[in-house]
Amino acid sequence: MPPRSKLGEIPRQDMPTRSAEERRMDFKEVPLGYTEEQALKEALRCLDCKVPHCMEGCPAKVKIPEFIGLVADGKFLEAAKKIKETNALPAACGRVCPQETQCEERCVVGKKFEPVAIGKLEMFVADYERKNSEHEDLKVEQNGKKVCVIGAGPAGLACAGDLIKLGYDVIVLEALHTIGGVLMYGIPEFRLPKELVAHEVENLKRDGVKFKINEVAGISIDFGELRKEYDAVFLGTGAGLPLFLNVPGEHLCGVYSANEYLTRVNLMGAYKFPEVDTPVIRHKKVAVLGGGNVAMDACRTAVRLGAEKVYIVYRRTEKELPARLEEIHHAMEEGVEFRFLRAPLEVVGDENDNVVAIRTQVMELGEPDEDGRRKPIAVEGKIEDIEVDAVIIAIGTTPNPLIARKVPELKISKKGTYVIDEETGETSMDGVFAGGDAARGAATVILAIGDGKRAAYGIDKYLSAK
Ligand code: FAD
Ligand code: SF4
């Protein structure tokens with residue numbers, strides 16, 4: 001292994017990105033990836049700490065110093081294998097995980113200098129592996145037991161991937177016609193190219209996982225029948241039910257939930273615009289309500305579909321924005337206008353019920369609330385209209401109650417999430433496990449993957465004891 005650099009000797013390697021002018025015009029990925037030389041240099045910045053605090057910040061407990069050490073040695077394929085021991089989807093996580101509040105926040109180098117770029121190294125390694133190696137065929141003896149995974153998002157895929165390696169016969173049922181959950185229909189192409197997710201799905205198919213699309217458990221198939229047919233069931237159904245503001249005018253033409261807007265763009269091929277035309281309506285002036293990652297994805301998507309003006313309407317200030325810093329920065333670079341300290345009051349329509357403006361209440365920040373965030377307070381008499389022809393609501397989602405409503409044995413929390421055992425992921429119903437957003441509420445990809453893996457372990461423990 002080459003000697004590690006002295007602390008601060010090598011600066012953090014910037015990953016080149018496409019210019020804002022260029023990327024406003026299409027949906028191609030924004031970062032261009034590390035070269036081998038940059039990855040080697042960045043890897044040398046890691047101090048291989050005796051107590052790797054970075055790992056404490058990683059929900060999947062990826063062996064970070066070990067994989068970075070392999071990168072430093074130029075053993076990129078071995079590095080990919082090391083990550084995959086605990087994280088099934090490194091190409092996605094390297095791109096979308098909030099590393100700045102997880103592993104990189106705890107990195108020792110970051111105390112004095114910029115932290116090691118753990119996420120960017122993960123992305124490099126996963127991309128290298130995809131381009132330079134063939135998927136190894138899985139050789140495992142079948143144990144004769146059948147498991148049904150409901151929902152093909154990261155939680156379901158991670159669960160299916162681990163179970164197939166343990167010899168189970170695994171089928172994944174997916175309500176939509178695309179496999180990958182939010183990775184395919186939510187997160188836009190410019191942040192997570194669809195071919196990367198499709199590649200991982202292909203590998204799962206080669207391992208023997210079966211998929212059935214357009215199958216809505218609880219509607220097209222009775223849940224009770226499923227439970228009888230399979231030895232165990234995993235619920236990875238996500239949190240796809242959008243929340244609304246309950247303000248006047250939300251029924252108008254041109255009002256979307258962010259989920260609906262992004263799903264249309266992703267599943268109706270609008271991300272191929274402008275090379276391929278799209279039936280998705282391209283609005284001229286768009287207001288996105290909210291300040292999280294989903295809001296950033298929606299506003300940057302509207303920019304790419306040709307909107308002349310795109311606004312983020314947020315009731316606090318820039319400091320309180322919950323989205324990842326990188327995404328906020330990219331949105332600003334791409335020309336999105338941020339209207340801080342504005343709370344939506346009403347969506348204003350014309351005589352044909354088309355959106356013409358969003359009416360907002362001007363706010364100021366008061367004392368911190370129970371989460372420690374300063375509470376926005378209305379400034380009396382200060383109302384502002386922003387002229388738009390579309391409003392996208394991105395204020396959060398909850399799990400869909402479709403299955404839970406029909407199956408009283410499944411215990412649900414006040415938030416609508418499945419109540420599960422912390423060690424195994426088992427729900428209150430015998431042999432039924434759950435994880436990901438369905439059990440946590442809207443969270444992150446890496447937490448969903450971790451939950452899927454935990455449930456695979458739980459299912460194996462449950463079925464081995466039978
Ligand atoms: P999902 O990915 O939601 O998958 C659930 C799947 O189950 C879906 O495909 C759904 O169609 C299917 N399903 C639901 N009900 C049924 C049924 N009855 N029968 C059959 N199938 C069913 N996280 C990050 O870490 N970083 C980010 O940058 C980030 N950005 C995001 C951007 C957007 C726009 C969104 C919406 C989310 C983002 N997230 C991000 C959150 C992250 O994507 C989710 O936490 C994660 O996808 C949850 O995984 P899951 O497998 O639990 O659920
Ligand atoms: Fe390397 Fe930072 Fe982890 Fe230490 S904390 S092992 S320097 S990545």
# chains A, B, ... in the order shown; residues from 1 in each chain; ligands from 1
call {"tool": "residues_around", "arguments": {"residues": "region 318-331 of chain A", "least_positions_apart": "2", "cutoff": "6 Å", "atoms": "only C-alpha atoms", "output": "CSV table (one decimal) with N, CA and C atoms, in the first residue's frame"}}
result
chain,number,residue,atom,x,y,z
A,291,GLY,N,-38.6,22.9,0.6
A,291,GLY,CA,-37.1,23.2,0.6
A,291,GLY,C,-36.3,22.0,0.7
A,292,GLY,N,-36.8,20.8,0.5
A,292,GLY,CA,-36.1,19.6,0.7
A,292,GLY,C,-35.5,19.1,-0.6
A,293,ASN,N,-34.9,17.9,-0.6
A,293,ASN,CA,-34.3,17.3,-1.8
A,293,ASN,C,-35.4,17.1,-2.9
A,333,GLU,N,-27.2,27.7,-9.2
A,333,GLU,CA,-26.4,27.9,-10.4
A,333,GLU,C,-27.2,27.8,-11.7
A,334,GLU,N,-28.2,27.0,-11.6
A,334,GLU,CA,-29.1,26.7,-12.8
A,334,GLU,C,-30.1,27.8,-13.0
A,336,VAL,N,-32.5,28.9,-10.6
A,336,VAL,CA,-33.7,28.8,-9.8
A,336,VAL,C,-33.7,30.0,-8.8
call {"tool": "residues_around", "arguments": {"residues": "Leu243 (chain A)", "least_positions_apart": "6", "cutoff": "12 Å", "atoms": "only C-alpha atoms", "output": "ChimeraX atom specification"}}
result
/A:250,256-260,289-290,392-400,442
call {"tool": "write_last_selection", "arguments": {"atoms": "N, CA and C atoms", "output": "short mmCIF file (atom, residue, chain, number, x, y, z; two decimals), in the first residue's frame"}}
result
data_model
loop_
_atom_site.label_atom_id
_atom_site.label_comp_id
_atom_site.auth_asym_id
_atom_site.auth_seq_id
_atom_site.Cartn_x
_atom_site.Cartn_y
_atom_site.Cartn_z
N GLU A 250 -55.97 24.28 -4.56
CA GLU A 250 -55.09 23.13 -4.83
C GLU A 250 -55.66 22.18 -5.90
N TYR A 256 -49.53 20.29 -9.06
CA TYR A 256 -49.05 18.90 -9.00
C TYR A 256 -48.47 18.63 -7.61
N SER A 257 -48.50 17.36 -7.20
CA SER A 257 -47.61 16.97 -6.10
C SER A 257 -46.26 16.72 -6.78
N ALA A 258 -45.18 16.89 -6.01
CA ALA A 258 -43.85 16.67 -6.61
C ALA A 258 -43.74 15.23 -7.11
N ASN A 259 -44.34 14.29 -6.35
CA ASN A 259 -44.31 12.89 -6.75
C ASN A 259 -44.91 12.69 -8.13
N GLU A 260 -46.09 13.30 -8.33
CA GLU A 260 -46.78 13.14 -9.61
C GLU A 260 -45.94 13.76 -10.73
N LEU A 289 -43.16 24.46 -3.98
CA LEU A 289 -43.36 24.78 -2.57
C LEU A 289 -42.65 23.74 -1.71
N GLY A 290 -41.65 24.18 -0.95
CA GLY A 290 -40.88 23.25 -0.10
C GLY A 290 -39.40 23.52 -0.26
N ILE A 392 -45.94 23.25 -7.86
CA ILE A 392 -45.58 21.87 -7.50
C ILE A 392 -45.40 21.81 -5.98
N ILE A 393 -46.16 20.92 -5.36
CA ILE A 393 -46.14 20.85 -3.89
C ILE A 393 -45.18 19.75 -3.44
N ALA A 394 -44.14 20.18 -2.72
CA ALA A 394 -43.10 19.22 -2.29
C ALA A 394 -42.90 19.36 -0.79
N ILE A 395 -43.95 19.02 -0.03
CA ILE A 395 -43.86 19.20 1.42
C ILE A 395 -43.83 17.87 2.18
N GLY A 396 -43.67 16.78 1.45
CA GLY A 396 -43.52 15.49 2.12
C GLY A 396 -44.51 14.44 1.66
N THR A 397 -44.26 13.21 2.11
CA THR A 397 -45.11 12.07 1.75
C THR A 397 -45.28 11.16 2.96
N THR A 398 -46.30 10.31 2.90
CA THR A 398 -46.48 9.29 3.95
C THR A 398 -46.72 7.94 3.26
N PRO A 399 -46.63 6.85 4.03
CA PRO A 399 -46.89 5.54 3.42
C PRO A 399 -48.34 5.43 2.95
N ASN A 400 -48.52 4.69 1.87
CA ASN A 400 -49.86 4.44 1.35
C ASN A 400 -50.56 3.39 2.25
N ALA A 442 -40.87 8.88 5.07
CA ALA A 442 -39.90 9.27 4.04
C ALA A 442 -38.51 9.44 4.66
#
call {"tool": "closest_atom_pairs", "arguments": {"of": "chain A", "to": "ligand 1", "cutoff": "6 Å", "atoms": "only C-alpha atoms and all ligand atoms", "output": "tab-separated table"}}
result
residue	atom	partner	partner_atom_place_in_ligand_line	distance
A:Val96	CA	ligand 1	28 (O)	4.1
A:Cys97	CA	ligand 1	25 (O)	4.5
A:Ile150	CA	ligand 1	20 (C)	5.1
A:Gly151	CA	ligand 1	7 (O)	3.2
A:Ala152	CA	ligand 1	6 (C)	4.8
A:Gly153	CA	ligand 1	4 (O)	3.4
A:Pro154	CA	ligand 1	51 (O)	4.0
A:Ala155	CA	ligand 1	51 (O)	3.7
A:Gly156	CA	ligand 1	51 (O)	5.5
A:Leu173	CA	ligand 1	20 (C)	5.2
A:Glu174	CA	ligand 1	21 (N)	3.8
A:Ala175	CA	ligand 1	21 (N)	3.8
A:Leu176	CA	ligand 1	11 (O)	5.1
A:Gly180	CA	ligand 1	9 (O)	5.9
A:Gly181	CA	ligand 1	9 (O)	3.2
A:Val182	CA	ligand 1	2 (O)	3.8
A:Leu183	CA	ligand 1	43 (O)	5.8
A:Gly186	CA	ligand 1	34 (C)	4.2
A:Ile187	CA	ligand 1	34 (C)	4.5
A:Glu215	CA	ligand 1	20 (C)	5.6
A:Val216	CA	ligand 1	19 (N)	3.6
A:Ala217	CA	ligand 1	19 (N)	3.9
A:Gly218	CA	ligand 1	18 (N)	5.6
A:Gly236	CA	ligand 1	52 (O)	5.2
A:Thr237	CA	ligand 1	7 (O)	3.6
A:Gly238	CA	ligand 1	53 (O)	3.3
A:Ala239	CA	ligand 1	3 (O)	5.5
A:Gly240	CA	ligand 1	3 (O)	5.8
A:Asn293	CA	ligand 1	30 (N)	5.3
A:Val294	CA	ligand 1	34 (C)	4.1
A:Asp297	CA	ligand 1	34 (C)	5.9
A:Gly436	CA	ligand 1	52 (O)	3.3
A:Asp437	CA	ligand 1	52 (O)	3.9
A:Ala438	CA	ligand 1	52 (O)	5.7
A:Ala442	CA	ligand 1	45 (O)	5.4
A:Ala443	CA	ligand 1	45 (O)	4.1
A:Thr444	CA	ligand 1	45 (O)	3.5
A:Val445	CA	ligand 1	25 (O)	4.0
A:Ile446	CA	ligand 1	25 (O)	5.9
A:Ala448	CA	ligand 1	49 (O)	4.9
call {"tool": "closest_atom_pairs", "arguments": {"of": "region 89-208 of chain A", "to": "region 225-232 of chain A", "cutoff": "8 Å", "atoms": "only C-alpha atoms", "output": "JSON lines"}}
result
{"residue": "A:Lys145", "atom": "CA", "partner": "A:Asp231", "partner_atom": "CA", "distance": 6.3}
{"residue": "A:Lys146", "atom": "CA", "partner": "A:Tyr230", "partner_atom": "CA", "distance": 5.3}
{"residue": "A:Val147", "atom": "CA", "partner": "A:Ala232", "partner_atom": "CA", "distance": 5.0}
{"residue": "A:Cys148", "atom": "CA", "partner": "A:Tyr230", "partner_atom": "CA", "distance": 6.2}
call {"tool": "write_last_selection", "arguments": {"atoms": "C-alpha atoms", "output": "PDB file, in the first residue's frame"}}
result
ATOM      1  CA  LYS A 145     -38.682 -21.912   0.591  1.00  0.00           C
ATOM      2  CA  LYS A 146     -40.515 -19.093  -1.145  1.00  0.00           C
ATOM      3  CA  VAL A 147     -40.470 -15.409  -0.199  1.00  0.00           C
ATOM      4  CA  CYS A 148     -42.558 -12.622  -1.725  1.00  0.00           C
TER       5      CYS A 148
END
call {"tool": "closest_atom_pairs", "arguments": {"of": "chain A", "to": "ligand 2", "cutoff": "6 Å", "atoms": "only C-alpha atoms and all ligand atoms", "output": "JSON lines"}}
result
{"residue": "A:Cys46", "atom": "CA", "partner": "ligand 2", "partner_atom_place_in_ligand_line": "1 (Fe)", "distance": 3.8}
{"residue": "A:Leu47", "atom": "CA", "partner": "ligand 2", "partner_atom_place_in_ligand_line": "7 (S)", "distance": 4.2}
{"residue": "A:Asp48", "atom": "CA", "partner": "ligand 2", "partner_atom_place_in_ligand_line": "6 (S)", "distance": 4.2}
{"residue": "A:Cys49", "atom": "CA", "partner": "ligand 2", "partner_atom_place_in_ligand_line": "4 (Fe)", "distance": 4.3}
{"residue": "A:Pro52", "atom": "CA", "partner": "ligand 2", "partner_atom_place_in_ligand_line": "6 (S)", "distance": 4.5}
{"residue": "A:His53", "atom": "CA", "partner": "ligand 2", "partner_atom_place_in_ligand_line": "5 (S)", "distance": 4.9}
{"residue": "A:Cys54", "atom": "CA", "partner": "ligand 2", "partner_atom_place_in_ligand_line": "3 (Fe)", "distance": 4.3}
{"residue": "A:Pro65", "atom": "CA", "partner": "ligand 2", "partner_atom_place_in_ligand_line": "6 (S)", "distance": 4.5}
{"residue": "A:Cys107", "atom": "CA", "partner": "ligand 2", "partner_atom_place_in_ligand_line": "5 (S)", "distance": 3.5}
{"residue": "A:Val108", "atom": "CA", "partner": "ligand 2", "partner_atom_place_in_ligand_line": "5 (S)", "distance": 4.5}
{"residue": "A:Val109", "atom": "CA", "partner": "ligand 2", "partner_atom_place_in_ligand_line": "7 (S)", "distance": 5.3}
{"residue": "A:Val116", "atom": "CA", "partner": "ligand 2", "partner_atom_place_in_ligand_line": "8 (S)", "distance": 5.4}
call {"tool": "atom_distance", "arguments": {"atom1": "CA of Gly431 (chain A)", "atom2": "CA of Arg454 (chain A)"}}
result
14.2 Å
call {"tool": "select_by_dssp", "arguments": {"residues": "region 325-399 of chain A", "states": "strand (DSSP E)", "output": "ChimeraX atom specification"}}
result
/A:337-339,342-349,355-368,374-387,390-393,397-398
call {"tool": "residues_around", "arguments": {"residues": "Glu78 (chain A)", "least_positions_apart": "3", "cutoff": "12 Å", "atoms": "only C-alpha atoms", "output": "ChimeraX atom specification"}}
result
/A:66-75,81-85,125-126,128-129,132-133
call {"tool": "residues_around", "arguments": {"residues": "Gln142 (chain A)", "least_positions_apart": "5", "cutoff": "12 Å", "atoms": "only C-alpha atoms", "output": "PyMOL selection string"}}
result
chain A and resi 163-170+207-208
call {"tool": "write_last_selection", "arguments": {"atoms": "N, CA, C and O atoms", "output": "compact mmCIF listing (two decimals), in the first residue's frame"}}
result
# COMPACT_ATOMS: atom_id res chain seq x y z
N LEU A 163 -31.68 -12.46 0.09
CA LEU A 163 -32.40 -13.73 0.23
C LEU A 163 -32.02 -14.72 -0.87
O LEU A 163 -31.89 -15.92 -0.61
N ILE A 164 -31.82 -14.21 -2.08
CA ILE A 164 -31.50 -15.13 -3.18
C ILE A 164 -30.13 -15.78 -2.92
O ILE A 164 -29.92 -16.95 -3.22
N LYS A 165 -29.23 -15.00 -2.30
CA LYS A 165 -27.90 -15.56 -1.98
C LYS A 165 -27.99 -16.62 -0.89
O LYS A 165 -27.10 -17.44 -0.73
N LEU A 166 -29.07 -16.59 -0.13
CA LEU A 166 -29.25 -17.58 0.95
C LEU A 166 -30.03 -18.81 0.46
O LEU A 166 -30.37 -19.69 1.24
N GLY A 167 -30.36 -18.83 -0.84
CA GLY A 167 -31.00 -20.03 -1.41
C GLY A 167 -32.52 -19.98 -1.46
O GLY A 167 -33.17 -20.98 -1.76
N TYR A 168 -33.12 -18.82 -1.17
CA TYR A 168 -34.59 -18.73 -1.23
C TYR A 168 -35.05 -18.51 -2.67
O TYR A 168 -34.32 -17.96 -3.49
N ASP A 169 -36.30 -18.91 -2.91
CA ASP A 169 -36.96 -18.64 -4.18
C ASP A 169 -37.66 -17.28 -3.97
O ASP A 169 -38.56 -17.17 -3.14
N VAL A 170 -37.21 -16.23 -4.69
CA VAL A 170 -37.70 -14.88 -4.38
C VAL A 170 -38.44 -14.26 -5.57
O VAL A 170 -37.92 -14.24 -6.69
N ASP A 207 -29.11 -13.40 -10.94
CA ASP A 207 -28.96 -14.22 -9.71
C ASP A 207 -30.19 -15.10 -9.47
O ASP A 207 -30.17 -15.97 -8.61
N GLY A 208 -31.30 -14.81 -10.19
CA GLY A 208 -32.48 -15.66 -10.06
C GLY A 208 -33.69 -14.99 -9.44
O GLY A 208 -34.74 -15.62 -9.29
call {"tool": "atom_distance", "arguments": {"atom1": "CA of Glu387 (chain A)", "atom2": "CA of Val356 (chain A)"}}
result
5.9 Å
call {"tool": "select_by_dssp", "arguments": {"residues": "region 298-456 of chain A", "states": "helix (DSSP H, G or I)", "output": "ChimeraX atom specification"}}
result
/A:298-304,318-320,325-333,402-406,437-440,445-456
call {"tool": "write_last_selection", "arguments": {"atoms": "N, CA, C and O atoms", "output": "compact mmCIF listing (two decimals), in the first residue's frame"}}
result
# COMPACT_ATOMS: atom_id res chain seq x y z
N ALA A 298 -37.56 18.78 -8.19
CA ALA A 298 -38.69 19.27 -8.99
C ALA A 298 -38.32 20.58 -9.69
O ALA A 298 -38.59 20.76 -10.88
N CYS A 299 -37.67 21.50 -8.97
CA CYS A 299 -37.39 22.80 -9.61
C CYS A 299 -36.33 22.65 -10.71
O CYS A 299 -36.44 23.27 -11.77
N ARG A 300 -35.35 21.78 -10.47
CA ARG A 300 -34.31 21.61 -11.49
C ARG A 300 -34.86 20.86 -12.71
O ARG A 300 -34.38 21.05 -13.83
N THR A 301 -35.88 20.03 -12.49
CA THR A 301 -36.54 19.34 -13.61
C THR A 301 -37.32 20.36 -14.44
O THR A 301 -37.25 20.34 -15.69
N ALA A 302 -38.02 21.28 -13.76
CA ALA A 302 -38.80 22.30 -14.48
C ALA A 302 -37.87 23.17 -15.33
O ALA A 302 -38.21 23.52 -16.47
N VAL A 303 -36.70 23.49 -14.80
CA VAL A 303 -35.71 24.27 -15.57
C VAL A 303 -35.38 23.54 -16.86
O VAL A 303 -35.39 24.10 -17.97
N ARG A 304 -35.12 22.22 -16.73
CA ARG A 304 -34.68 21.44 -17.89
C ARG A 304 -35.81 21.25 -18.91
O ARG A 304 -35.55 20.97 -20.08
N GLU A 318 -32.50 30.56 3.86
CA GLU A 318 -31.56 29.64 3.21
C GLU A 318 -30.90 28.71 4.23
O GLU A 318 -30.70 27.53 3.97
N LYS A 319 -30.59 29.28 5.40
CA LYS A 319 -29.90 28.50 6.44
C LYS A 319 -30.70 27.28 6.88
O LYS A 319 -30.14 26.24 7.22
N GLU A 320 -32.02 27.39 6.86
CA GLU A 320 -32.86 26.28 7.36
C GLU A 320 -33.25 25.30 6.25
O GLU A 320 -33.90 24.29 6.53
N LEU A 325 -26.74 20.49 0.57
CA LEU A 325 -26.10 21.74 0.12
C LEU A 325 -25.76 21.71 -1.36
O LEU A 325 -25.96 22.69 -2.08
N GLU A 326 -25.26 20.56 -1.80
CA GLU A 326 -24.86 20.42 -3.20
C GLU A 326 -26.04 20.68 -4.14
O GLU A 326 -25.91 21.33 -5.18
N GLU A 327 -27.21 20.15 -3.74
CA GLU A 327 -28.40 20.30 -4.60
C GLU A 327 -28.87 21.76 -4.63
O GLU A 327 -29.30 22.28 -5.66
N ILE A 328 -28.80 22.42 -3.46
CA ILE A 328 -29.21 23.84 -3.40
C ILE A 328 -28.29 24.66 -4.28
O ILE A 328 -28.73 25.49 -5.09
N HIS A 329 -27.00 24.38 -4.15
CA HIS A 329 -25.99 25.09 -4.91
C HIS A 329 -26.22 24.90 -6.42
O HIS A 329 -26.21 25.85 -7.20
N HIS A 330 -26.47 23.65 -6.81
CA HIS A 330 -26.71 23.37 -8.24
C HIS A 330 -27.97 24.09 -8.72
O HIS A 330 -27.99 24.65 -9.82
N ALA A 331 -29.03 24.08 -7.88
CA ALA A 331 -30.28 24.74 -8.30
C ALA A 331 -30.03 26.24 -8.48
O ALA A 331 -30.49 26.85 -9.46
N MET A 332 -29.29 26.84 -7.57
CA MET A 332 -29.01 28.28 -7.69
C MET A 332 -28.21 28.56 -8.95
O MET A 332 -28.52 29.47 -9.70
N GLU A 333 -27.19 27.73 -9.18
CA GLU A 333 -26.36 27.91 -10.39
C GLU A 333 -27.21 27.82 -11.66
O GLU A 333 -26.94 28.48 -12.65
N LEU A 402 -52.96 1.42 1.72
CA LEU A 402 -53.70 0.42 0.96
C LEU A 402 -53.72 -0.97 1.60
O LEU A 402 -54.80 -1.56 1.82
N ILE A 403 -52.56 -1.52 1.93
CA ILE A 403 -52.52 -2.88 2.48
C ILE A 403 -52.95 -2.85 3.94
O ILE A 403 -53.78 -3.66 4.37
N ALA A 404 -52.41 -1.89 4.70
CA ALA A 404 -52.67 -1.85 6.15
C ALA A 404 -54.17 -1.76 6.44
O ALA A 404 -54.66 -2.38 7.40
N ARG A 405 -54.90 -1.01 5.64
CA ARG A 405 -56.35 -0.86 5.87
C ARG A 405 -57.09 -2.18 5.76
O ARG A 405 -58.09 -2.42 6.43
N LYS A 406 -56.57 -3.04 4.85
CA LYS A 406 -57.29 -4.30 4.62
C LYS A 406 -56.82 -5.42 5.53
O LYS A 406 -57.44 -6.49 5.54
N ASP A 437 -39.01 3.16 3.65
CA ASP A 437 -39.93 4.26 3.96
C ASP A 437 -41.27 3.77 4.52
O ASP A 437 -41.93 4.49 5.27
N ALA A 438 -41.67 2.54 4.17
CA ALA A 438 -42.95 2.02 4.66
C ALA A 438 -42.93 1.84 6.18
O ALA A 438 -43.96 1.89 6.83
N ALA A 439 -41.72 1.65 6.72
CA ALA A 439 -41.61 1.44 8.17
C ALA A 439 -41.01 2.65 8.90
O ALA A 439 -41.02 2.69 10.11
N ARG A 440 -40.47 3.62 8.13
CA ARG A 440 -39.82 4.77 8.76
C ARG A 440 -40.51 6.09 8.46
O ARG A 440 -40.26 7.09 9.11
N VAL A 445 -32.19 6.50 0.92
CA VAL A 445 -31.91 5.28 0.16
C VAL A 445 -31.10 4.31 1.03
O VAL A 445 -31.42 3.12 1.13
N ILE A 446 -30.07 4.82 1.67
CA ILE A 446 -29.19 3.92 2.42
C ILE A 446 -29.92 3.29 3.60
O ILE A 446 -29.70 2.14 3.93
N LEU A 447 -30.82 4.04 4.23
CA LEU A 447 -31.59 3.46 5.34
C LEU A 447 -32.53 2.38 4.81
O LEU A 447 -32.73 1.34 5.46
N ALA A 448 -33.10 2.61 3.63
CA ALA A 448 -33.99 1.60 3.02
C ALA A 448 -33.19 0.33 2.71
O ALA A 448 -33.66 -0.78 2.97
N ILE A 449 -31.99 0.50 2.18
CA ILE A 449 -31.14 -0.67 1.87
C ILE A 449 -30.83 -1.43 3.15
O ILE A 449 -30.95 -2.66 3.22
N GLY A 450 -30.45 -0.69 4.19
CA GLY A 450 -30.12 -1.32 5.48
C GLY A 450 -31.32 -2.09 6.02
O GLY A 450 -31.17 -3.22 6.51
N ASP A 451 -32.51 -1.52 5.88
CA ASP A 451 -33.72 -2.19 6.38
C ASP A 451 -34.01 -3.46 5.58
O ASP A 451 -34.45 -4.48 6.14
N GLY A 452 -33.80 -3.39 4.26
CA GLY A 452 -34.04 -4.57 3.40
C GLY A 452 -33.11 -5.71 3.81
O GLY A 452 -33.53 -6.87 3.89
N LYS A 453 -31.85 -5.34 4.10
CA LYS A 453 -30.88 -6.37 4.49
C LYS A 453 -31.24 -6.95 5.87
O LYS A 453 -31.15 -8.15 6.10
N ARG A 454 -31.66 -6.07 6.78
CA ARG A 454 -32.05 -6.54 8.12
C ARG A 454 -33.23 -7.52 8.01
O ARG A 454 -33.26 -8.56 8.67
N ALA A 455 -34.19 -7.18 7.14
CA ALA A 455 -35.35 -8.06 7.00
C ALA A 455 -34.94 -9.40 6.38
O ALA A 455 -35.49 -10.45 6.76
N ALA A 456 -33.99 -9.39 5.46
CA ALA A 456 -33.53 -10.66 4.87
C ALA A 456 -32.96 -11.54 5.98
O ALA A 456 -33.24 -12.75 6.05
call {"tool": "residues_around", "arguments": {"residues": "Leu365 (chain A)", "least_positions_apart": "2", "cutoff": "10 Å", "atoms": "only C-alpha atoms", "output": "VMD selection string"}}
result
chain A and resid 315 to 317 341 363 367 to 368 373 to 379
call {"tool": "residues_around", "arguments": {"residues": "Glu114 (chain A)", "least_positions_apart": "4", "cutoff": "8 Å", "atoms": "only C-alpha atoms", "output": "PyMOL selection string"}}
result
chain A and resi 11-12+109-110
call {"tool": "closest_atom_pairs", "arguments": {"of": "region 140-211 of chain A", "to": "region 17-26 of chain A", "cutoff": "12 Å", "atoms": "only C-alpha atoms", "output": "CSV"}}
result
residue,atom,partner,partner_atom,distance
A:Pro188,CA,A:Asp26,CA,11.4
A:Glu189,CA,A:Asp26,CA,9.7
A:Phe190,CA,A:Asp26,CA,8.3
A:Arg191,CA,A:Arg23,CA,11.4
call {"tool": "closest_residue", "arguments": {"among": "A:Val391, A:Arg339, A:Glu105, A:Val348", "to": "Val286 (chain A)", "atoms": "only C-alpha atoms"}}
result
A:Val391
call {"tool": "atom_distance", "arguments": {"atom1": "CA of Pro344 (chain A)", "atom2": "CA of Val313 (chain A)"}}
result
7.7 Å
call {"tool": "residues_around", "arguments": {"residues": "Cys253 (chain A)", "least_positions_apart": "6", "cutoff": "9 Å", "atoms": "only C-alpha atoms", "output": "tab-separated table (two decimals) with N, CA, C and O atoms, in the first residue's frame"}}
result
chain	number	residue	atom	x	y	z
A	349	GLY	N	-56.41	31.04	-9.47
A	349	GLY	CA	-56.70	30.57	-10.82
A	349	GLY	C	-57.46	31.59	-11.65
A	349	GLY	O	-57.95	32.60	-11.11
A	352	ASN	N	-60.92	29.83	-16.22
A	352	ASN	CA	-60.91	28.45	-16.72
A	352	ASN	C	-60.27	27.47	-15.74
A	352	ASN	O	-59.92	26.35	-16.10
A	353	ASP	N	-60.05	27.93	-14.53
A	353	ASP	CA	-59.43	27.10	-13.49
A	353	ASP	C	-57.97	26.76	-13.79
A	353	ASP	O	-57.48	25.69	-13.39
A	354	ASN	N	-57.30	27.62	-14.53
A	354	ASN	CA	-55.86	27.42	-14.73
A	354	ASN	C	-55.11	28.27	-13.73
A	354	ASN	O	-55.51	29.40	-13.44
A	355	VAL	N	-53.99	27.74	-13.24
A	355	VAL	CA	-53.18	28.49	-12.26
A	355	VAL	C	-52.63	29.77	-12.89
A	355	VAL	O	-52.12	29.74	-14.02
A	389	ASP	N	-47.65	29.62	-13.87
A	389	ASP	CA	-48.71	28.81	-14.48
A	389	ASP	C	-48.67	27.36	-13.98
A	389	ASP	O	-49.45	26.53	-14.45
A	390	ALA	N	-47.79	27.08	-13.04
A	390	ALA	CA	-47.81	25.74	-12.40
A	390	ALA	C	-47.28	25.85	-10.98
A	390	ALA	O	-46.41	26.67	-10.69
